[in-house]
Amino acid sequence: MKQRTLKGEFTLQGKGLHTGLRINATMRPAPASTGYVFRRIDLEGQPTIDALAENVVDTRRGTVIASKSNREARVSTIEHALAALYAAGIDNCFIDVDAPELPILDGSAIMWADKIDEVGIQEQDAEKEFYVVKQRIKVVDPKTGSSLIVLPDEDFSIDTMIEFNSAVLSNQFASLDNIEKFRKEIAASRTFVFVREVLPLLELGLIKGGDLDNAIVIYDTPMSQEELDKLSDMLGVEHKPAGELGYLNNKPLAFNNEPARHKLLDVLGDLALIGRPLKGRIVATRPGHTINTQLSKKIRQELRYQNVQAPIYDVNAAPLYDVNKIRTMLPHRYPMLLVDKVIDMSDTHVVGVKNVTANEPFFTGHFPDEPVMPGVLQVEAMAQVGGLLVLSKVDDPERYSTYFMKIDNVKFRQKVVPGDTLVFHLSLMSPIRRGVAVMKGYAFVGEKVVSEAEFMAQVIKNK
């Protein structure tokens, strides 16, 4: 799959939930591999903030990110816009804003989703990178009882359960089994707040722009008629009997379980801070921005340690190329044929496998008492796998050979020993031009990178 960005730009205007300011926010196309980047165009120098989990600085009543070099450059209430981008499959976008928060709009993500749909989506000339969940991940907050569990799955889905000690809103459940259903089933779900929370928030200087047009207000704790009337005046709604619990909004709920759907929306927006789409199933119990961003930070830590995941290797699947097919394409023979099979290939990448056994001839001298595969042979094996990608693009590949022109940025991270299975991932760093290919290669044992390198090679027709 290719990365995607917007075909054009659009601007949404509205007031800020916490500041009450009139705010303009513009989404613009961004180059491949940019990610989501906020620009504070109202500040000197227009500082940028990458929408990544490590830049989260606050999670009270919304997700707040800030620049590490300039803490004044911050943006809050970003989760609704990010959820709309994430659900649309957009990987790269600039978001310009002239205030310290995005406009709350109607308290949901529907206006963002509608505008994205209106301007359209542009495919880019770079492969989309996923974070593939390969084992169970769990984050828990014992104080609140919140938890997020991520399970391996071929697709992306979320199940969300919320629970409150409330006579009006107790337990609710929402699910999204297909990301393409987001706009229809989730995007219009508004944020919500309990009446008992409103006055404390106002005292903290928050929700200056909050009203019944951008939030569901839940009245579940009886108060005096005088207090309720005062609050109704502050919110600009008709006076209601203090004995009737329920929703203060005049506008009906978009869904019977709208609060649970909005919590699912928030989970999606906070997961966008991973920096790449996720393949897995999420079970969220009593989620909130704090626990959501903890999960994103946990995954980001893994990506910072190892910025590429090992390819999925199904030992039971038939290879694309077996060793007999490989021999028709590569001139190498024993003892220098260092790839056993190819298990995946596209126009821009290839995945190959080398089973390392104790019978490899190089172990005789490297080293007799501690057999270790030479790093130079790992690089050679990597190059052979890359050569199969390049040769797959020419007619009569047996008439051609690939030759090194340059090797850069070689790194060896751990030993390769008998019994290891090396899985190589090679991808083009730029299109092949005049028979010259530039590739980035990784070698994995299990989930760990054992070596990596960048190659330049030329395809030459044999004489």
# chains A, B, ... in the order shown; residues from 1 in each chain; ligands from 1
call {"tool": "closest_atom_pairs", "arguments": {"of": "range 249-363 of chain A", "to": "range 444-460 of chain A", "cutoff": "9 Å", "atoms": "only C-alpha atoms", "output": "JSON lines"}}
result
{"residue": "A:Gln306", "atom": "CA", "partner": "A:Val449", "partner_atom": "CA", "distance": 7.4}
{"residue": "A:Val308", "atom": "CA", "partner": "A:Val449", "partner_atom": "CA", "distance": 8.3}
{"residue": "A:Gln309", "atom": "CA", "partner": "A:Glu447", "partner_atom": "CA", "distance": 7.0}
{"residue": "A:Ala310", "atom": "CA", "partner": "A:Glu447", "partner_atom": "CA", "distance": 5.3}
{"residue": "A:Pro311", "atom": "CA", "partner": "A:Glu447", "partner_atom": "CA", "distance": 8.4}
call {"tool": "residues_around", "arguments": {"residues": "Ala53 in chain A", "least_positions_apart": "6", "cutoff": "10 Å", "atoms": "only C-alpha atoms", "output": "number ranges by chain"}}
result
A: 63-65, 270-275, 292-301
call {"tool": "atom_distance", "arguments": {"atom1": "CA of Tyr321 in chain A", "atom2": "CA of Arg433 in chain A"}}
result
25.0 Å
call {"tool": "residues_around", "arguments": {"residues": "range 392-404 of chain A", "least_positions_apart": "2", "cutoff": "9 Å", "atoms": "only C-alpha atoms", "output": "VMD selection string"}}
result
chain A and resid 327 to 331 347 383 to 384 387 to 390 406 to 407 455 to 463
call {"tool": "closest_atom_pairs", "arguments": {"of": "range 60-176 of chain A", "to": "range 6-11 of chain A", "cutoff": "12 Å", "atoms": "only C-alpha atoms", "output": "Markdown table"}}
result
| residue | atom | partner | partner_atom | distance |
| --- | --- | --- | --- | --- |
| A:Leu85 | CA | A:Leu6 | CA | 9.4 |
| A:Ala88 | CA | A:Leu6 | CA | 9.9 |
| A:Gly89 | CA | A:Leu6 | CA | 10.2 |
| A:Ile90 | CA | A:Leu6 | CA | 7.3 |
| A:Asp91 | CA | A:Leu6 | CA | 9.3 |
| A:Asn92 | CA | A:Leu6 | CA | 8.0 |
| A:Cys93 | CA | A:Leu6 | CA | 7.1 |
| A:Phe94 | CA | A:Glu9 | CA | 9.4 |
| A:Ile95 | CA | A:Thr11 | CA | 9.5 |
| A:Asp96 | CA | A:Thr11 | CA | 9.0 |
| A:Val97 | CA | A:Thr11 | CA | 9.5 |
| A:Asp98 | CA | A:Thr11 | CA | 11.5 |
| A:Leu102 | CA | A:Thr11 | CA | 11.4 |
| A:Pro103 | CA | A:Thr11 | CA | 10.8 |
| A:Met111 | CA | A:Thr11 | CA | 10.6 |
| A:Trp112 | CA | A:Thr11 | CA | 9.5 |
| A:Ala113 | CA | A:Phe10 | CA | 11.6 |
| A:Asp114 | CA | A:Phe10 | CA | 10.8 |
| A:Lys115 | CA | A:Phe10 | CA | 7.0 |
| A:Ile116 | CA | A:Leu6 | CA | 7.2 |
| A:Asp117 | CA | A:Leu6 | CA | 9.3 |
| A:Glu118 | CA | A:Phe10 | CA | 9.2 |
| A:Val119 | CA | A:Gly8 | CA | 5.6 |
| A:Gly120 | CA | A:Lys7 | CA | 5.3 |
| A:Ile121 | CA | A:Leu6 | CA | 4.5 |
| A:Gln122 | CA | A:Lys7 | CA | 5.0 |
| A:Glu123 | CA | A:Leu6 | CA | 8.6 |
| A:Gln124 | CA | A:Leu6 | CA | 10.0 |
call {"tool": "residues_around", "arguments": {"residues": "range 169-175 of chain A", "least_positions_apart": "4", "cutoff": "12 Å", "atoms": "only C-alpha atoms", "output": "PyMOL selection string"}}
result
chain A and resi 156-165+179+181-182+185-186+189+192-194+216-221+245-247+255-265+267-268+281-287
call {"tool": "write_last_selection", "arguments": {"atoms": "N, CA and C atoms", "output": "compact mmCIF listing (two decimals), in the first residue's frame"}}
result
# COMPACT_ATOMS: atom_id res chain seq x y z
N PHE A 156 -7.71 -3.90 11.41
CA PHE A 156 -7.77 -2.98 12.54
C PHE A 156 -9.20 -2.92 13.06
N SER A 157 -9.38 -3.04 14.38
CA SER A 157 -10.70 -2.92 14.98
C SER A 157 -10.56 -2.45 16.42
N ILE A 158 -11.64 -1.86 16.95
CA ILE A 158 -11.66 -1.38 18.34
C ILE A 158 -12.97 -1.79 18.99
N ASP A 159 -12.90 -2.30 20.20
CA ASP A 159 -14.05 -2.50 21.08
C ASP A 159 -13.84 -1.61 22.29
N THR A 160 -14.85 -0.80 22.63
CA THR A 160 -14.73 0.16 23.73
C THR A 160 -15.86 -0.03 24.73
N MET A 161 -15.50 -0.09 25.99
CA MET A 161 -16.49 -0.21 27.06
C MET A 161 -16.27 0.93 28.06
N ILE A 162 -17.35 1.61 28.43
CA ILE A 162 -17.24 2.68 29.41
C ILE A 162 -18.16 2.36 30.59
N GLU A 163 -17.78 2.87 31.75
CA GLU A 163 -18.54 2.61 32.98
C GLU A 163 -18.43 3.84 33.87
N PHE A 164 -19.59 4.36 34.30
CA PHE A 164 -19.61 5.51 35.21
C PHE A 164 -20.59 5.22 36.34
N ASN A 165 -20.32 5.79 37.49
CA ASN A 165 -21.24 5.71 38.62
C ASN A 165 -22.30 6.78 38.43
N ILE A 179 -12.43 0.19 9.61
CA ILE A 179 -12.08 1.61 9.69
C ILE A 179 -12.84 2.43 8.66
N LYS A 181 -15.90 2.39 8.16
CA LYS A 181 -17.20 2.74 8.71
C LYS A 181 -17.11 3.93 9.67
N PHE A 182 -15.91 4.45 9.88
CA PHE A 182 -15.71 5.51 10.88
C PHE A 182 -16.62 6.71 10.62
N GLU A 185 -20.37 5.75 11.35
CA GLU A 185 -20.77 5.20 12.63
C GLU A 185 -20.14 5.88 13.86
N ILE A 186 -19.03 6.59 13.66
CA ILE A 186 -18.31 7.13 14.82
C ILE A 186 -18.11 8.64 14.76
N SER A 189 -20.04 11.46 16.73
CA SER A 189 -20.24 11.32 18.18
C SER A 189 -19.54 12.45 18.92
N PHE A 192 -18.56 14.58 25.81
CA PHE A 192 -19.59 14.71 26.84
C PHE A 192 -18.96 15.11 28.16
N VAL A 193 -19.79 15.68 29.02
CA VAL A 193 -19.33 16.14 30.32
C VAL A 193 -20.50 16.04 31.29
N PHE A 194 -20.21 15.75 32.56
CA PHE A 194 -21.23 15.70 33.59
C PHE A 194 -21.42 17.10 34.20
N ILE A 216 -22.17 17.07 24.91
CA ILE A 216 -23.33 16.49 25.58
C ILE A 216 -23.15 16.75 27.07
N VAL A 217 -24.12 17.38 27.70
CA VAL A 217 -24.05 17.68 29.14
C VAL A 217 -25.03 16.76 29.86
N ILE A 218 -24.49 15.98 30.79
CA ILE A 218 -25.27 14.95 31.48
C ILE A 218 -25.59 15.41 32.89
N TYR A 219 -26.87 15.50 33.20
CA TYR A 219 -27.34 15.90 34.53
C TYR A 219 -27.78 14.63 35.26
N ASP A 220 -26.92 14.15 36.19
CA ASP A 220 -27.21 12.88 36.86
C ASP A 220 -27.16 12.97 38.38
N THR A 221 -26.81 14.13 38.90
CA THR A 221 -26.75 14.33 40.35
C THR A 221 -27.68 15.49 40.72
N LEU A 245 -33.63 14.07 35.86
CA LEU A 245 -32.27 13.76 35.43
C LEU A 245 -32.25 13.41 33.94
N GLY A 246 -31.10 13.60 33.32
CA GLY A 246 -31.00 13.28 31.89
C GLY A 246 -29.98 14.16 31.20
N TYR A 247 -30.21 14.38 29.92
CA TYR A 247 -29.32 15.21 29.11
C TYR A 247 -29.90 16.61 29.01
N PHE A 255 -26.57 8.89 18.53
CA PHE A 255 -26.67 7.45 18.71
C PHE A 255 -27.06 7.19 20.16
N ASN A 256 -27.72 6.09 20.41
CA ASN A 256 -28.09 5.76 21.78
C ASN A 256 -26.85 5.61 22.67
N ASN A 257 -25.77 5.13 22.08
CA ASN A 257 -24.51 4.95 22.84
C ASN A 257 -23.47 5.97 22.38
N GLU A 258 -23.90 7.20 22.15
CA GLU A 258 -22.99 8.23 21.64
C GLU A 258 -21.78 8.46 22.54
N PRO A 259 -21.91 8.49 23.87
CA PRO A 259 -20.70 8.67 24.69
C PRO A 259 -19.66 7.56 24.47
N ALA A 260 -20.10 6.31 24.38
CA ALA A 260 -19.15 5.22 24.15
C ALA A 260 -18.49 5.36 22.78
N ARG A 261 -19.26 5.76 21.79
CA ARG A 261 -18.69 5.96 20.45
C ARG A 261 -17.68 7.10 20.45
N HIS A 262 -17.96 8.14 21.25
CA HIS A 262 -16.99 9.24 21.30
C HIS A 262 -15.70 8.78 21.98
N LYS A 263 -15.79 7.96 23.01
CA LYS A 263 -14.58 7.43 23.64
C LYS A 263 -13.78 6.60 22.65
N LEU A 264 -14.45 5.86 21.78
CA LEU A 264 -13.76 5.11 20.73
C LEU A 264 -13.06 6.07 19.78
N LEU A 265 -13.74 7.17 19.43
CA LEU A 265 -13.13 8.20 18.58
C LEU A 265 -11.85 8.74 19.21
N VAL A 267 -9.89 7.22 21.37
CA VAL A 267 -8.85 6.18 21.29
C VAL A 267 -8.17 6.23 19.93
N LEU A 268 -8.98 6.33 18.89
CA LEU A 268 -8.45 6.36 17.53
C LEU A 268 -7.54 7.57 17.33
N ARG A 281 -6.21 -5.68 17.00
CA ARG A 281 -7.52 -5.48 17.61
C ARG A 281 -7.32 -4.87 18.99
N ILE A 282 -8.04 -3.79 19.26
CA ILE A 282 -7.91 -3.07 20.53
C ILE A 282 -9.16 -3.28 21.37
N VAL A 283 -8.97 -3.65 22.62
CA VAL A 283 -10.07 -3.75 23.57
C VAL A 283 -9.81 -2.69 24.64
N ALA A 284 -10.65 -1.66 24.66
CA ALA A 284 -10.46 -0.51 25.55
C ALA A 284 -11.54 -0.53 26.64
N THR A 285 -11.12 -0.61 27.89
CA THR A 285 -12.04 -0.59 29.02
C THR A 285 -11.83 0.70 29.81
N ARG A 286 -12.87 1.49 29.89
CA ARG A 286 -12.83 2.79 30.57
C ARG A 286 -11.65 3.63 30.05
N PRO A 287 -11.54 3.81 28.74
CA PRO A 287 -10.39 4.54 28.21
C PRO A 287 -10.46 6.04 28.49
call {"tool": "residues_around", "arguments": {"residues": "range 359-361 of chain A", "least_positions_apart": "3", "cutoff": "9 Å", "atoms": "only C-alpha atoms", "output": "list in words"}}
result
Pro335, Val356, Thr364, Gly365, Met373 and Pro418 of chain A
call {"tool": "write_last_selection", "arguments": {"atoms": "C-alpha atoms", "output": "mmCIF file, in the first residue's frame"}}
result
data_model
loop_
_atom_site.group_PDB
_atom_site.id
_atom_site.type_symbol
_atom_site.label_atom_id
_atom_site.label_comp_id
_atom_site.auth_asym_id
_atom_site.auth_seq_id
_atom_site.Cartn_x
_atom_site.Cartn_y
_atom_site.Cartn_z
ATOM 1 C CA PRO A 335 29.300 -21.931 -1.241
ATOM 2 C CA VAL A 356 21.951 -20.725 8.919
ATOM 3 C CA THR A 364 35.224 -24.013 9.874
ATOM 4 C CA GLY A 365 37.457 -20.991 10.315
ATOM 5 C CA MET A 373 28.451 -15.807 10.658
ATOM 6 C CA PRO A 418 24.062 -21.822 13.680
#
call {"tool": "residues_around", "arguments": {"residues": "Thr357 in chain A", "least_positions_apart": "2", "cutoff": "12 Å", "atoms": "only C-alpha atoms", "output": "NGL selection string"}}
result
:A and (338 or 340 or 354-355 or 359-363 or 371-373 or 416-422)
call {"tool": "select_by_dssp", "arguments": {"residues": "range 212-429 of chain A", "states": "alpha helix (DSSP H)", "output": "PyMOL selection string"}}
result
chain A and resi 225-235+258-271+289-305+323-329+375-391
